[in-house]
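Engineer: Contents of start_25.cif (mmCIF, C-alpha atoms):
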```
data_structure
#
loop_
_atom_site.label_atom_id
_atom_site.label_comp_id
_atom_site.auth_asym_id
_atom_site.auth_seq_id
_atom_site.Cartn_x
_atom_site.Cartn_y
_atom_site.Cartn_z
CA MET A 227 77.54 126.22 58.73
CA ALA A 228 78.41 125.14 62.26
CA LYS A 229 80.60 122.35 60.88
CA LYS A 230 82.31 124.78 58.53
CA LYS A 231 83.08 127.06 61.46
CA GLU A 232 84.64 124.18 63.39
CA HIS A 233 86.98 123.50 60.49
CA CYS A 234 88.01 127.17 60.42
CA ASP A 235 88.61 127.35 64.16
CA CYS A 236 90.72 124.29 64.05
CA LEU A 237 92.76 125.48 61.04
CA ASN A 238 93.68 128.60 63.02
CA THR A 239 95.46 126.30 65.42
CA ILE A 240 96.55 123.53 63.05
CA LYS A 241 98.42 125.87 60.67
CA PRO A 242 100.79 127.52 63.18
CA VAL A 243 101.29 124.19 65.00
CA ARG A 244 102.35 122.64 61.69
CA ASP A 245 104.65 125.58 60.97
CA ALA A 246 106.30 124.95 64.32
CA LEU A 247 106.49 121.19 63.80
CA ASP A 248 108.06 121.74 60.36
CA VAL A 249 110.99 123.45 62.10
CA ILE A 250 111.43 121.40 65.26
CA SER A 251 109.91 118.04 64.49
CA GLY A 252 111.98 114.91 64.25
CA LYS A 253 114.19 113.17 66.74
CA TRP A 254 117.16 115.47 66.81
CA LYS A 255 116.59 119.21 66.51
CA LEU A 256 115.41 119.94 70.05
CA PRO A 257 118.00 117.63 71.65
CA ILE A 258 120.71 119.52 69.70
CA ILE A 259 119.32 122.88 70.83
CA ILE A 260 119.20 121.64 74.44
CA SER A 261 122.77 120.36 74.21
CA VAL A 262 124.19 123.57 72.70
CA GLY A 263 122.11 125.52 75.21
CA VAL A 264 123.88 123.94 78.18
CA GLY A 265 127.25 124.83 76.75
CA ASN A 266 128.31 122.08 74.33
CA ASP A 267 129.80 124.23 71.57
CA ARG A 268 132.01 121.71 69.72
CA PHE A 269 130.73 119.17 67.20
CA THR A 270 132.17 116.22 69.13
CA ASP A 271 130.76 117.39 72.46
CA ILE A 272 127.31 117.82 70.96
CA GLN A 273 127.51 114.37 69.38
CA GLN A 274 128.61 112.71 72.63
CA SER A 275 125.83 114.39 74.58
CA ILE A 276 123.05 112.98 72.38
CA PRO A 277 122.79 109.18 72.51
CA GLY A 278 122.42 107.58 69.10
CA ILE A 279 123.11 110.53 66.80
CA THR A 280 125.57 109.90 63.95
CA PRO A 281 128.05 112.53 62.71
CA LYS A 282 126.32 112.63 59.31
CA VAL A 283 122.89 113.28 60.82
CA LEU A 284 124.31 115.81 63.29
CA ALA A 285 126.00 117.75 60.46
CA LYS A 286 122.76 117.85 58.47
CA GLU A 287 120.66 118.91 61.46
CA LEU A 288 123.16 121.63 62.45
CA ARG A 289 122.99 123.06 58.91
CA GLU A 290 119.18 123.13 59.03
CA LEU A 291 119.16 124.78 62.47
CA GLU A 292 121.53 127.42 61.07
CA GLN A 293 119.17 128.02 58.13
CA HIS A 294 116.30 128.49 60.59
CA ARG A 295 118.41 131.12 62.45
CA LEU A 296 118.32 129.08 65.62
CA LEU A 297 122.02 128.28 65.73
CA LYS A 298 125.25 130.07 64.80
CA ARG A 299 128.37 128.38 63.43
CA SER A 300 131.54 130.41 64.05
CA VAL A 301 135.03 129.74 62.76
CA VAL A 302 137.57 130.79 65.39
CA GLY A 303 141.36 131.15 65.04
CA ASP A 304 143.66 130.52 62.09
CA TYR A 305 145.29 127.13 62.08
CA PRO A 306 143.91 124.80 63.17
CA VAL A 307 140.58 126.57 63.01
CA LYS A 308 138.01 125.85 65.67
CA ILE A 309 134.35 125.53 64.75
CA LEU A 310 132.03 126.66 67.52
CA TYR A 311 128.27 126.31 67.69
CA THR A 312 126.20 128.69 69.80
CA LEU A 313 122.51 129.39 70.04
CA GLU A 314 121.09 132.44 68.33
CA SER A 315 118.92 134.53 70.63
CA TYR A 316 115.95 133.39 68.53
CA ALA A 317 116.41 129.89 69.99
CA ASP A 318 115.33 131.31 73.37
CA THR A 319 111.82 131.53 71.96
CA LEU A 320 111.77 127.70 71.94
CA THR A 321 112.15 127.53 75.74
CA PRO A 322 108.38 127.27 76.50
CA ILE A 323 108.07 124.43 73.96
CA ILE A 324 111.05 122.58 75.40
CA TYR A 325 109.73 122.86 78.95
CA SER A 326 106.21 121.82 78.01
CA LEU A 327 107.59 118.78 76.13
CA LYS A 328 109.90 117.94 79.03
CA ASP A 329 107.08 118.11 81.58
CA TRP A 330 104.85 116.02 79.35
CA GLY A 331 107.59 113.44 78.71
CA VAL A 332 108.27 113.04 82.44
CA ASN A 333 104.56 112.67 83.14
CA HIS A 334 104.03 110.31 80.18
CA ARG A 335 106.68 107.90 81.43
CA THR A 336 104.82 107.66 84.76
CA PHE A 337 101.51 107.26 82.91
CA VAL A 338 102.81 104.45 80.70
CA THR A 339 104.48 102.72 83.65
CA ASP A 340 101.26 102.88 85.70
CA LYS A 341 99.07 101.68 82.82
CA CYS A 342 101.35 98.77 82.02
CA GLY A 343 101.84 97.86 85.67
CA LEU A 344 105.58 98.05 85.22
CA ASN A 345 105.93 99.73 88.59
CA SER A 346 104.57 96.78 90.52
CA MET B 21 134.32 116.65 85.21
CA ALA B 22 132.55 119.88 84.40
CA LYS B 23 131.93 118.67 80.85
CA LYS B 24 130.58 115.37 82.14
CA LYS B 25 128.12 117.22 84.36
CA GLU B 26 126.88 119.23 81.41
CA HIS B 27 126.12 116.02 79.53
CA CYS B 28 124.15 114.72 82.51
CA ASP B 29 122.16 117.94 82.93
CA CYS B 30 121.25 117.95 79.31
CA LEU B 31 120.23 114.27 79.26
CA ASN B 32 117.74 115.02 82.04
CA THR B 33 116.00 117.28 79.56
CA ILE B 34 116.75 115.45 76.32
CA LYS B 35 115.30 112.11 77.45
CA PRO B 36 111.78 113.29 78.39
CA VAL B 37 111.69 115.66 75.39
CA ARG B 38 112.46 112.67 73.16
CA ASP B 39 109.81 110.57 74.91
CA ALA B 40 107.30 113.32 74.15
CA LEU B 41 108.49 113.72 70.55
CA ASP B 42 108.23 109.95 70.02
CA VAL B 43 104.51 110.23 70.73
CA ILE B 44 103.54 113.50 69.08
CA SER B 45 106.19 114.12 66.46
CA GLY B 46 105.42 114.03 62.78
CA LYS B 47 103.07 116.10 60.69
CA TRP B 48 99.73 114.67 61.70
CA LYS B 49 99.21 113.62 65.33
CA LEU B 50 98.71 117.05 66.88
CA PRO B 51 96.55 118.30 63.99
CA ILE B 52 94.32 115.23 64.48
CA ILE B 53 94.08 115.85 68.23
CA ILE B 54 93.24 119.51 67.58
CA SER B 55 90.57 118.54 65.06
CA VAL B 56 88.92 115.92 67.28
CA GLY B 57 89.23 118.37 70.17
CA VAL B 58 87.05 120.97 68.43
CA GLY B 59 84.35 118.37 67.82
CA ASN B 60 85.14 116.53 64.60
CA ASP B 61 84.23 113.02 65.65
CA ARG B 62 83.73 111.26 62.29
CA PHE B 63 86.56 109.98 60.11
CA THR B 64 85.47 112.05 57.10
CA ASP B 65 85.11 115.24 59.14
CA ILE B 66 88.57 114.81 60.62
CA GLN B 67 90.02 114.15 57.17
CA GLN B 68 88.37 117.22 55.65
CA SER B 69 89.58 119.44 58.48
CA ILE B 70 93.26 118.61 57.94
CA PRO B 71 94.57 119.75 54.56
CA GLY B 72 96.68 117.14 52.79
CA ILE B 73 96.01 114.08 54.93
CA THR B 74 95.11 110.88 53.09
CA PRO B 75 92.60 108.31 54.43
CA LYS B 76 95.36 105.70 54.72
CA VAL B 77 97.60 107.95 56.80
CA LEU B 78 94.68 109.17 58.92
CA ALA B 79 93.65 105.57 59.70
CA LYS B 80 97.22 104.71 60.73
CA GLU B 81 97.63 107.82 62.90
CA LEU B 82 94.23 107.28 64.57
CA ARG B 83 95.29 103.74 65.50
CA GLU B 84 98.55 104.99 66.99
CA LEU B 85 96.77 107.73 68.96
CA GLU B 86 94.42 105.06 70.33
CA GLN B 87 97.40 102.94 71.39
CA HIS B 88 98.85 105.95 73.20
CA ARG B 89 95.52 106.36 75.07
CA LEU B 90 95.03 109.81 73.64
CA LEU B 91 91.98 109.00 71.54
CA LYS B 92 88.97 106.72 71.87
CA ARG B 93 87.24 104.92 69.00
CA SER B 94 83.62 104.02 69.73
CA VAL B 95 81.24 101.94 67.66
CA VAL B 96 77.73 103.34 68.02
CA GLY B 97 74.43 101.78 66.88
CA ASP B 98 73.70 98.53 65.10
CA TYR B 99 73.28 98.86 61.37
CA PRO B 100 74.79 100.85 59.88
CA VAL B 101 77.25 101.26 62.72
CA LYS B 102 78.72 104.68 63.35
CA ILE B 103 82.37 105.03 64.30
CA LEU B 104 83.04 108.01 66.56
CA TYR B 105 86.38 109.39 67.64
CA THR B 106 86.68 111.36 70.86
CA LEU B 107 89.62 112.53 72.93
CA GLU B 108 90.58 110.62 76.04
CA SER B 109 90.98 112.88 79.06
CA TYR B 110 94.72 112.15 78.85
CA ALA B 111 94.83 114.21 75.64
CA ASP B 112 94.10 117.29 77.76
CA THR B 113 97.64 117.02 79.09
CA LEU B 114 98.85 117.98 75.59
CA THR B 115 97.16 121.39 75.77
CA PRO B 116 100.25 123.29 77.04
CA ILE B 117 102.34 121.78 74.22
CA ILE B 118 99.74 122.65 71.58
CA TYR B 119 99.50 126.25 72.81
CA SER B 120 103.26 126.72 73.04
CA LEU B 121 103.66 125.33 69.49
CA LYS B 122 100.81 127.50 68.22
CA ASP B 123 102.29 130.67 69.76
CA TRP B 124 105.71 129.82 68.37
CA GLY B 125 104.33 129.05 64.91
CA VAL B 126 102.46 132.36 64.74
CA ASN B 127 105.56 134.24 65.88
CA HIS B 128 107.85 132.26 63.54
CA ARG B 129 105.79 133.20 60.50
CA THR B 130 106.26 136.90 61.38
CA PHE B 131 109.97 136.31 62.02
CA VAL B 132 110.52 134.57 58.67
CA THR B 133 108.48 137.20 56.83
CA ASP B 134 110.47 140.03 58.43
CA LYS B 135 113.84 138.38 57.78
CA CYS B 136 113.04 137.66 54.16
CA GLY B 137 111.54 141.09 53.59
CA LEU B 138 108.37 139.46 52.28
CA ASN B 139 106.29 142.02 54.13
CA SER B 140 107.58 144.97 52.13
#
```
Output the file's structure in the form of structure tokens.
Structural biologist:
Amino acid sequence: MAKKKEHCDCLNTIKPVRDALDVISGKWKLPIIISVGVGNDRFTDIQQSIPGITPKVLAKELRELEQHRLLKRSVVGDYPVKILYTLESYADTLTPIIYSLKDWGVNHRTFVTDKCGLNS
Amino acid sequence: MAKKKEHCDCLNTIKPVRDALDVISGKWKLPIIISVGVGNDRFTDIQQSIPGITPKVLAKELRELEQHRLLKRSVVGDYPVKILYTLESYADTLTPIIYSLKDWGVNHRTFVTDKCGLNS
């Protein structure tokens, strides 16, 4: 019974964590949200701000972020039209995740460097 | 110049976030850490606590978590030997990430349900 309870307790955490990871996991989604969040609203600006992302991948990820209501794509003007990307207010809810990942990433780099003696 | 500065600011965040995602991204690593964290220390218990994970994937993920110094594999006893998995103290540093993802996942489920009218 005790074992069974442990499984339940841990599912209460595992399920929402997996829901979150389903939306923001992968290499690109959070970097895109960070980039748009600091004011990069054009496709090319977003692409240039994220090292290594290809236009094809960026287009796909932007579409998915739109579907998740985290990002808004607006068509501005007549000809030539301008496509602008801005964050939906819902993306603000990701701020605690982004900061906790950032803090951990900064700390992890120090940890790995210390463990591997790369700082000597 | 202003645009250039934006790129820099956002790289300061993007880089550590990507470092963190490189370690914990994917479907399984955090669920495994959560499961071992609540006391599942045997391979079979961990597997049973995480819906959908196969033994092959679990073995691979456990190895990677060991390499990242997040998890410890101990061989206990002589014959038959017992393999136990426990968290390294370094895994505690993931707690803020796990809680922020859990909170977001719980909230996101409500958000999606409300938007899709599934709660009516």
Engineer: Could you write out as number ranges by chain the residues of chain B within 8 Å of chain A, counting all atoms listed in the file?
Structural biologist: B: 26-27, 29-31, 33-42, 45-47, 50-51, 54-55, 58-60, 69-70, 113-114, 116-118, 120-126, 128-129
Engineer: When you draw a straight line from CA of Tyr105 in chain B to CA of Thr339 in chain A, how long is it in Å?
Structural biologist: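 One can read the CA of Tyr105 in chain B to CA of Thr339 in chain A distance as 25.1 Å.
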Engineer: CA of Leu104 in chain B to CA of Phe63 in chain B: how many Å, to one decimal?
Structural biologist: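 That distance, rounded to one decimal, is 7.6 Å.
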Engineer: So what do you get for CA of Leu90 in chain B versus CA of Thr106 in chain B, distance-wise?
Structural biologist: 8.9 Å
